[in-house]
file coords.cif (mmCIF, C-alpha atoms and all ligand atoms)
data_query
#
loop_
_atom_site.label_atom_id
_atom_site.label_comp_id
_atom_site.auth_asym_id
_atom_site.auth_seq_id
_atom_site.Cartn_x
_atom_site.Cartn_y
_atom_site.Cartn_z
CA MET A 1 101.73 95.93 103.55
CA ALA A 2 102.28 98.46 100.79
CA ALA A 3 99.82 98.94 97.95
CA GLY A 4 99.90 95.79 95.83
CA VAL A 5 100.86 95.70 92.21
CA TRP A 6 97.33 94.68 91.26
CA GLN A 7 95.98 97.89 92.74
CA ILE A 8 98.36 99.97 90.71
CA ARG A 9 97.01 98.36 87.55
CA LEU A 10 93.63 99.84 88.38
CA LEU A 11 95.01 103.34 88.28
CA THR A 12 94.79 105.45 85.18
CA ALA A 13 96.88 108.37 84.06
CA SER A 14 94.10 110.72 85.09
CA ALA A 15 94.05 109.41 88.63
CA ALA A 16 96.16 112.32 89.87
CA LEU A 17 93.17 114.65 89.94
CA ALA A 18 90.89 112.31 91.80
CA LEU A 19 91.13 111.11 95.34
CA ILE A 20 91.91 107.50 94.78
CA VAL A 21 89.70 105.08 96.60
CA ALA A 22 92.30 102.83 98.05
CA THR A 23 91.60 99.19 98.48
CA SER A 24 94.98 98.69 100.09
CA ALA A 25 96.09 98.45 103.67
CA TRP A 26 94.22 101.72 104.18
CA GLY A 27 90.96 99.77 104.21
CA ALA A 28 88.29 99.37 101.57
CA GLY A 29 86.67 102.66 100.72
CA ALA A 30 89.00 104.84 102.79
CA PRO A 31 90.18 107.87 100.84
CA ALA A 32 93.90 107.82 100.19
CA LEU A 33 96.44 110.23 98.82
CA SER A 34 98.11 109.17 95.60
CA ALA A 35 101.30 110.57 97.16
CA LEU A 36 101.14 107.67 99.64
CA ILE A 37 100.69 104.75 97.24
CA TRP A 38 104.31 103.60 97.46
CA ILE A 39 105.02 104.75 101.01
CA ALA A 40 105.91 102.17 103.67
CA PRO A 41 103.35 101.69 106.46
CA GLY A 42 104.17 103.92 109.41
CA HIS A 43 106.12 106.35 107.20
CA GLU A 44 103.10 108.30 105.90
CA ALA A 45 103.33 111.40 108.08
CA ALA A 46 107.08 111.73 107.52
CA ALA A 47 106.66 111.31 103.75
CA LEU A 48 103.92 113.96 103.61
CA THR A 49 105.71 116.60 105.65
CA ARG A 50 109.46 116.18 105.08
CA GLN A 51 111.82 115.67 102.15
CA PRO A 52 115.58 115.39 101.74
CA ALA A 53 117.29 118.77 101.41
CA MET A 54 118.88 119.43 98.01
CA CYS A 55 121.40 122.12 97.19
CA SER A 56 121.93 122.55 93.46
CA ARG A 57 125.46 122.65 92.08
CA ALA A 58 124.18 124.62 89.05
CA ALA A 59 123.91 128.36 88.62
CA ALA A 60 120.44 129.72 89.41
CA GLY A 61 118.28 129.99 86.31
CA ASP A 62 120.17 127.35 84.25
CA ALA A 63 117.51 126.45 81.65
CA GLN A 64 118.90 122.94 80.99
CA VAL A 65 118.78 122.05 84.67
CA MET A 66 115.26 123.48 84.94
CA ILE A 67 114.03 121.37 82.01
CA GLY A 68 115.76 118.33 83.51
CA GLU A 69 114.08 118.88 86.87
CA ALA A 70 110.67 119.16 85.18
CA LEU A 71 111.23 115.85 83.38
CA PHE A 72 112.59 114.19 86.53
CA ASN A 73 109.26 114.97 88.22
CA ALA A 74 107.05 114.04 85.23
CA PRO A 75 105.50 110.54 85.25
CA MET A 76 105.02 110.63 81.46
CA LEU A 77 108.79 110.39 80.98
CA LEU A 78 108.44 106.82 82.19
CA GLY A 79 106.10 104.47 80.37
CA GLY A 80 104.02 101.44 81.26
CA GLN A 81 102.88 100.77 84.80
CA ALA A 82 105.13 103.42 86.32
CA ALA A 83 103.53 106.25 84.31
CA ARG A 84 100.07 104.79 84.88
CA ALA A 85 100.70 104.83 88.62
CA ASP A 86 101.87 108.48 88.36
CA MET A 87 105.37 107.42 89.37
CA SER A 88 108.30 109.60 88.32
CA CYS A 89 112.05 109.56 88.94
CA ALA A 90 111.29 111.70 92.02
CA SER A 91 109.06 109.01 93.55
CA CYS A 92 112.22 107.05 94.36
CA HIS A 93 114.74 109.89 94.30
CA SER A 94 112.86 112.52 96.39
CA ASN A 95 114.08 116.00 95.56
CA GLY A 96 116.78 114.29 93.48
CA ARG A 97 118.11 112.34 96.43
CA ARG A 98 116.72 109.17 97.98
CA ASN A 99 113.26 108.40 99.28
CA PRO A 100 113.81 106.36 102.46
CA HIS A 101 110.03 105.74 102.67
CA PHE A 102 109.53 104.12 99.24
CA GLN A 103 107.93 100.69 99.41
CA LEU A 104 105.91 98.85 96.78
CA ASP A 105 104.94 95.18 96.91
CA GLY A 106 106.77 93.08 94.37
CA VAL A 107 109.32 95.88 93.80
CA SER A 108 110.76 96.55 97.28
CA ALA A 109 112.34 94.37 99.95
CA GLY A 110 111.78 97.03 102.59
CA PRO A 111 111.53 100.81 102.92
CA GLY A 112 113.95 102.67 100.62
CA THR A 113 114.64 99.74 98.28
CA ALA A 114 113.51 98.95 94.73
CA ASP A 115 114.16 96.46 91.95
CA VAL A 116 114.18 98.65 88.85
CA SER A 117 114.41 95.60 86.55
CA SER A 118 111.17 94.23 87.96
CA SER A 119 108.61 92.92 85.44
CA PHE A 120 106.22 95.43 87.04
CA PHE A 121 108.03 98.20 85.15
CA SER A 122 109.02 96.40 81.96
CA PRO A 123 108.08 92.87 80.96
CA ALA A 124 110.71 92.98 78.21
CA ARG A 125 113.70 93.77 80.39
CA ALA A 126 112.64 91.78 83.47
CA ASN A 127 115.52 89.62 84.60
CA GLY A 128 113.27 87.14 86.40
CA ARG A 129 115.08 87.67 89.70
CA PHE A 130 113.71 89.63 92.64
CA ASP A 131 116.70 91.85 93.19
CA PRO A 132 115.82 95.02 95.15
CA LYS A 133 118.67 97.45 95.88
CA PRO A 134 118.83 100.44 98.21
CA ILE A 135 117.71 103.52 96.25
CA PRO A 136 120.88 105.59 95.82
CA ASP A 137 121.21 109.25 96.79
CA LEU A 138 121.90 110.95 93.45
CA ALA A 139 124.03 113.64 95.13
CA PHE A 140 126.77 111.00 95.41
CA PRO A 141 127.69 108.95 92.31
CA VAL A 142 127.91 105.20 92.95
CA ASN A 143 128.26 103.17 89.75
CA VAL A 144 127.56 105.70 87.03
CA SER A 145 130.15 108.36 86.19
CA ARG A 146 128.83 111.94 86.03
CA ASP A 147 131.73 113.04 83.77
CA PRO A 148 130.09 114.84 80.82
CA ALA A 149 132.96 113.82 78.50
CA SER A 150 132.26 110.09 78.90
CA GLY A 151 128.52 110.30 78.16
CA ALA A 152 128.04 107.39 80.61
CA LEU A 153 125.22 109.16 82.45
CA GLU A 154 123.28 109.89 79.25
CA ARG A 155 123.62 106.21 78.16
CA PHE A 156 122.52 105.00 81.60
CA LEU A 157 119.48 107.32 81.66
CA ARG A 158 118.39 106.30 78.18
CA GLY A 159 118.53 102.61 79.17
CA LEU A 160 116.65 103.34 82.37
CA ILE A 161 113.81 105.18 80.61
CA VAL A 162 113.41 102.96 77.55
CA GLU A 163 114.36 99.53 78.84
CA GLU A 164 113.67 99.47 82.58
CA PHE A 165 110.61 101.74 82.61
CA SER A 166 109.10 101.07 79.12
CA GLY A 167 109.21 104.79 78.31
CA ARG A 168 109.30 106.30 74.81
CA GLU A 169 112.68 107.04 73.26
CA PRO A 170 113.67 110.42 74.81
CA SER A 171 114.75 113.21 72.45
CA PRO A 172 118.47 114.14 72.61
CA ALA A 173 117.41 117.44 74.22
CA ALA A 174 115.40 115.61 76.89
CA LEU A 175 118.31 113.31 77.67
CA SER A 176 120.88 116.07 77.99
CA ALA A 177 118.56 118.19 80.17
CA LEU A 178 117.87 115.23 82.47
CA ALA A 179 121.61 114.52 82.71
CA ALA A 180 122.29 118.21 83.47
CA TYR A 181 119.80 118.06 86.36
CA VAL A 182 121.26 114.81 87.74
CA ARG A 183 124.77 116.33 87.61
CA ALA A 184 123.47 119.41 89.48
CA ILE A 185 122.04 117.44 92.42
CA GLY A 186 124.07 118.28 95.51
CA ASP A 187 123.79 117.73 99.23
CA CYS A 188 123.49 120.54 101.76
CA GLY A 189 126.17 119.57 104.26
CA ALA A 190 124.74 119.05 107.71
CA GLU A 191 121.17 119.90 106.76
CA GLN A 192 119.64 116.62 105.67
CA GLU A 193 115.92 117.36 105.53
CA GLN A 194 113.57 120.20 104.72
CA PRO A 195 109.80 120.61 105.01
CA ARG A 196 107.54 119.64 102.10
CA ARG A 197 105.22 122.56 101.44
CA LEU A 198 102.82 124.05 98.93
CA ALA A 199 105.68 126.26 97.69
CA ASP A 200 107.64 123.17 96.57
CA GLN A 201 104.74 121.85 94.51
CA ILE A 202 104.06 125.35 93.11
CA ALA A 203 107.72 125.64 92.10
CA LEU A 204 107.40 122.35 90.19
CA VAL A 205 104.22 123.52 88.42
CA ARG A 206 105.94 126.74 87.34
CA LEU A 207 109.18 125.16 86.21
CA SER A 208 107.30 122.44 84.30
CA VAL A 209 105.38 125.07 82.34
CA MET A 210 108.53 127.13 81.76
CA ALA A 211 110.33 123.98 80.61
CA ALA A 212 107.45 123.29 78.20
CA GLU A 213 107.83 126.83 76.82
CA HIS A 214 111.55 126.30 76.20
CA LEU A 215 110.97 122.92 74.58
CA ALA A 216 108.10 124.17 72.41
CA ALA A 217 110.22 127.12 71.26
CA ALA A 218 113.09 124.73 70.46
CA GLY A 219 110.83 122.57 68.27
CA ASP A 220 110.52 119.56 70.61
CA PRO A 221 106.72 119.21 71.03
CA GLU A 222 106.90 115.59 72.29
CA THR A 223 109.08 116.52 75.26
CA ALA A 224 107.06 119.73 75.80
CA ALA A 225 103.97 117.52 76.14
CA ILE A 226 105.72 115.45 78.84
CA ALA A 227 106.48 118.65 80.78
CA VAL A 228 102.89 119.92 80.41
CA ALA A 229 101.55 116.57 81.66
CA GLY A 230 104.05 116.93 84.54
CA ALA A 231 102.58 120.34 85.44
CA ARG A 232 99.10 118.80 85.48
CA HIS A 233 100.39 115.97 87.68
CA GLN A 234 101.70 118.53 90.20
CA LEU A 235 98.33 120.35 90.15
CA GLY A 236 96.72 116.99 90.97
CA LEU A 237 99.07 116.52 93.92
CA ILE A 238 98.10 119.97 95.22
CA ASN A 239 94.43 119.18 94.67
CA GLU A 240 94.48 116.07 96.83
CA ARG A 241 96.04 118.04 99.71
CA TYR A 242 93.18 120.56 99.54
CA ALA A 243 90.76 117.99 100.85
CA GLY A 244 87.81 118.87 103.06
CA GLN A 245 84.63 120.88 102.71
CA GLY A 246 86.01 124.37 103.23
CA LEU A 247 88.34 124.09 100.25
CA ALA A 248 85.91 123.26 97.43
CA ARG A 249 86.57 126.59 95.68
CA GLU A 250 90.32 125.88 95.60
CA ARG A 251 89.71 122.41 94.20
CA ASP A 252 87.41 123.76 91.49
CA ARG A 253 89.99 126.31 90.43
CA LEU A 254 92.77 123.70 90.40
CA LEU A 255 90.67 121.43 88.22
CA ALA A 256 89.89 124.29 85.84
CA ALA A 257 93.58 125.25 85.69
CA SER A 258 94.54 121.67 84.90
CA ARG A 259 91.87 121.44 82.18
CA ALA A 260 93.14 124.67 80.66
CA LEU A 261 96.53 123.00 80.24
CA GLN A 262 95.03 120.02 78.48
CA PRO A 263 96.20 120.12 74.87
CA ALA A 264 93.48 120.67 72.29
CA ALA A 265 92.45 117.50 70.47
CA GLY A 266 94.98 116.61 67.84
CA SER A 267 97.80 118.77 69.22
CA ARG A 268 100.54 117.38 71.39
CA ALA A 269 100.96 120.33 73.73
CA PRO A 270 99.40 123.78 74.14
CA GLU A 271 100.91 126.57 72.04
CA LEU A 272 103.67 128.74 73.39
CA ALA A 273 101.44 131.82 73.74
CA GLU A 274 98.81 129.76 75.59
CA LEU A 275 101.43 128.50 78.03
CA ARG A 276 102.58 132.08 78.73
CA ARG A 277 99.02 133.23 79.37
CA TRP A 278 98.32 130.24 81.58
CA LEU A 279 101.38 130.86 83.73
CA THR A 280 100.57 134.55 84.19
CA GLY A 281 97.02 133.69 85.28
CA PHE A 282 98.27 130.98 87.62
CA GLU A 283 100.78 133.32 89.27
CA ARG A 284 98.35 136.23 89.62
CA ASN A 285 95.22 134.42 90.73
CA LEU A 286 95.54 130.82 91.80
CA MET A 287 98.91 130.99 93.60
CA PRO A 288 97.82 133.67 96.13
CA MET A 289 94.49 131.92 96.69
CA LEU A 290 96.23 128.61 97.46
CA ALA A 291 98.80 130.30 99.70
CA ARG A 292 96.03 131.92 101.77
CA SER A 293 94.42 128.58 102.57
CA GLU A 294 97.59 126.48 102.89
CA VAL A 295 97.16 126.34 106.70
CA ARG A 296 93.81 124.62 106.17
CA SER A 297 95.23 122.08 103.72
CA LEU A 298 97.18 118.85 104.22
CA TYR A 299 100.38 120.83 103.68
CA ASP A 300 99.96 121.81 107.32
CA ASP A 301 101.97 119.36 109.44
CA ALA A 302 99.36 119.05 112.20
CA ARG A 303 96.56 118.44 109.71
CA ALA A 304 98.63 115.90 107.80
CA GLY A 305 99.43 114.08 111.04
CA LEU A 306 95.77 114.04 112.02
CA TRP A 307 94.77 112.83 108.57
CA VAL A 308 97.23 109.94 108.81
CA SER A 309 96.13 108.90 112.31
CA ARG A 310 92.44 109.01 111.30
CA ASN A 311 92.95 106.97 108.17
CA ARG A 312 95.54 104.55 109.51
CA PRO A 313 94.69 100.91 108.88
CA GLU A 314 93.66 98.91 111.95
C1 LIG B 1 111.28 102.47 91.50
C2 LIG B 1 112.31 103.35 92.05
C3 LIG B 1 113.17 104.14 91.08
C4 LIG B 1 112.75 104.99 90.07
C5 LIG B 1 111.32 105.33 89.67
C6 LIG B 1 113.96 105.55 89.50
N1 LIG B 1 115.05 105.05 90.12
FE1 LIG B 1 116.98 105.62 89.79
N2 LIG B 1 117.61 104.05 90.90
C7 LIG B 1 116.81 103.26 91.70
C8 LIG B 1 117.62 102.19 92.27
C9 LIG B 1 117.14 101.09 93.22
C10 LIG B 1 118.94 102.37 91.76
C11 LIG B 1 120.16 101.47 92.03
C12 LIG B 1 120.16 100.37 90.99
C13 LIG B 1 121.32 99.45 91.09
O1 LIG B 1 122.23 99.67 91.90
O2 LIG B 1 121.32 98.47 90.31
C14 LIG B 1 118.89 103.57 90.91
C15 LIG B 1 120.01 104.11 90.27
C16 LIG B 1 120.00 105.32 89.62
C17 LIG B 1 121.19 106.02 89.14
C18 LIG B 1 122.64 105.54 89.24
C19 LIG B 1 123.30 106.10 90.47
C20 LIG B 1 124.78 105.71 90.53
O3 LIG B 1 125.62 106.63 90.58
O4 LIG B 1 125.09 104.52 90.52
C21 LIG B 1 120.77 107.18 88.53
C22 LIG B 1 121.63 108.25 87.89
C23 LIG B 1 119.32 107.19 88.62
N3 LIG B 1 118.90 106.06 89.30
C24 LIG B 1 118.51 108.18 88.10
C25 LIG B 1 117.13 107.99 87.90
C26 LIG B 1 116.31 108.78 87.00
C27 LIG B 1 116.80 109.97 86.18
C28 LIG B 1 115.06 108.24 87.06
C29 LIG B 1 113.86 108.59 86.19
C30 LIG B 1 114.08 108.44 84.75
C31 LIG B 1 115.09 107.16 88.03
N4 LIG B 1 116.36 107.03 88.50
C32 LIG B 1 113.96 106.45 88.43
C33 LIG B 1 115.45 103.43 91.92
C34 LIG B 1 114.62 104.17 91.08
#

call {"tool": "encode", "arguments": {"input": "coords.cif", "output": "structure tokens"}}
result
Amino acid sequence: MAAGVWQIRLLTASAALALIVATSAWGAGAPALSALIWIAPGHEAAALTRQPAMCSRAAAGDAQVMIGEALFNAPMLLGGQAARADMSCASCHSNGRRNPHFQLDGVSAGPGTADVSSSFFSPARANGRFDPKPIPDLAFPVNVSRDPASGALERFLRGLIVEEFSGREPSPAALSALAAYVRAIGDCGAEQEQPRRLADQIALVRLSVMAAEHLAAAGDPETAAIAVAGARHQLGLINERYAGQGLARERDRLLAASRALQPAAGSRAPELAELRRWLTGFERNLMPMLARSEVRSLYDDARAGLWVSRNRPE
């Protein structure tokens, strides 16, 4: 059984930085990883250690695609229950592709399926039918044209965010960046999977902050705030992998780094200069510290496997 919808309602937006006490199939009181909330039973180790390979069709350093990737991984882009459960586009479309391990009660019919018009996501748009579909691999268009001239992708994404996922109206800049990222998602030929490591999460922290800088400079503070919250979400995902007694210093520093990104009361996102300073400090100090102890964290395949077997429900 996957985590039930009622459990998700208990989660708050700040849950990412805490080890969630799962009351799900993992047994009352057992610590759980928020990264496993919507993972099918038996798929935990695979979901923690592997991800689909993605080869971008865009030129390296394309700012639009970078902003789009940050938003794609940011739960705050979605509203309602999805955002509260720290779910982002990437929860279903891992690394832009498809998550074969996704399973959530009331939303899925089996691993890798979801009903995006479920009342769980949006009471307004719910069609009243339980209608889960296989999650598509975004490297290969199915029903939605990627042709920039038609604007079909932008219209589809707007409907998805606002109507299916109860999100706020995205700014035109947010929508075109998200569409640019979706258009850039490519497959890698024969190579179907790649490991899931600290470096991947670090890359998402960095690109989220850089995206926030771009957006703040372009006068879009609302979308910048979504990207900053996305960076904090990624820091939370790193934090929960640095479990265990020997890693308390790393966890303290992650928490402090996340707090430093918290916008001051009354402002929507930290100032541009603050974001620059934060990123420099993160790259110089916290990144090397985390890299040194990665082998002792749950980014290590053997440790992740052990963690799963120890915490597996009876
Ligand atoms: C709960 C899982 C889930 C989440 C979260 C999710 N999707 Fe999807 N997505 C799906 C499913 C399932 C479909 C297929 C729906 C259908 O066929 O009716 C789909 C379809 C799509 C398609 C159309 C693919 C095609 O060519 O037909 C795009 C593009 C897409 N999603 C992008 C996104 C983006 C961007 C986000 C975040 C704003 C997102 N999705 C969030 C599950 C999800």

call {"tool": "residues_around", "arguments": {"input": "coords.cif", "residues": "A:Phe72", "least_positions_apart": "3", "cutoff": "12 Å", "atoms": "all atoms listed in the file", "output": "number ranges by chain"}}
result
A: 65-69, 75-78, 87-97, 157, 161, 174-175, 177-182, 185, 204, 207-208, 211, 226-227, 230-231

call {"tool": "atom_distance", "arguments": {"input": "coords.cif", "atom1": "atom CA of A:Asp131", "atom2": "atom C16 of ligand LIG 1 (chain B)"}}
result
14.3 Å

call {"tool": "closest_residue", "arguments": {"input": "coords.cif", "among": "A:Val162, A:Leu215, A:Ala32, A:Leu306", "to": "A:Gly79", "atoms": "only C-alpha atoms"}}
result
A:Val162

call {"tool": "atom_distance", "arguments": {"input": "coords.cif", "atom1": "atom CA of A:Pro52", "atom2": "atom CA of A:Val209"}}
result
24.0 Å

call {"tool": "closest_residue", "arguments": {"input": "coords.cif", "among": "A:Ala302, A:Ala199, A:Ala139, A:Ala190", "to": "ligand LIG 1 (chain B)", "atoms": "only C-alpha atoms and all ligand atoms"}}
result
A:Ala139

call {"tool": "closest_residue", "arguments": {"input": "coords.cif", "among": "A:Pro288, A:Asp200, A:Ala85, A:Ala70", "to": "A:Val228", "atoms": "all atoms listed in the file"}}
result
A:Ala70
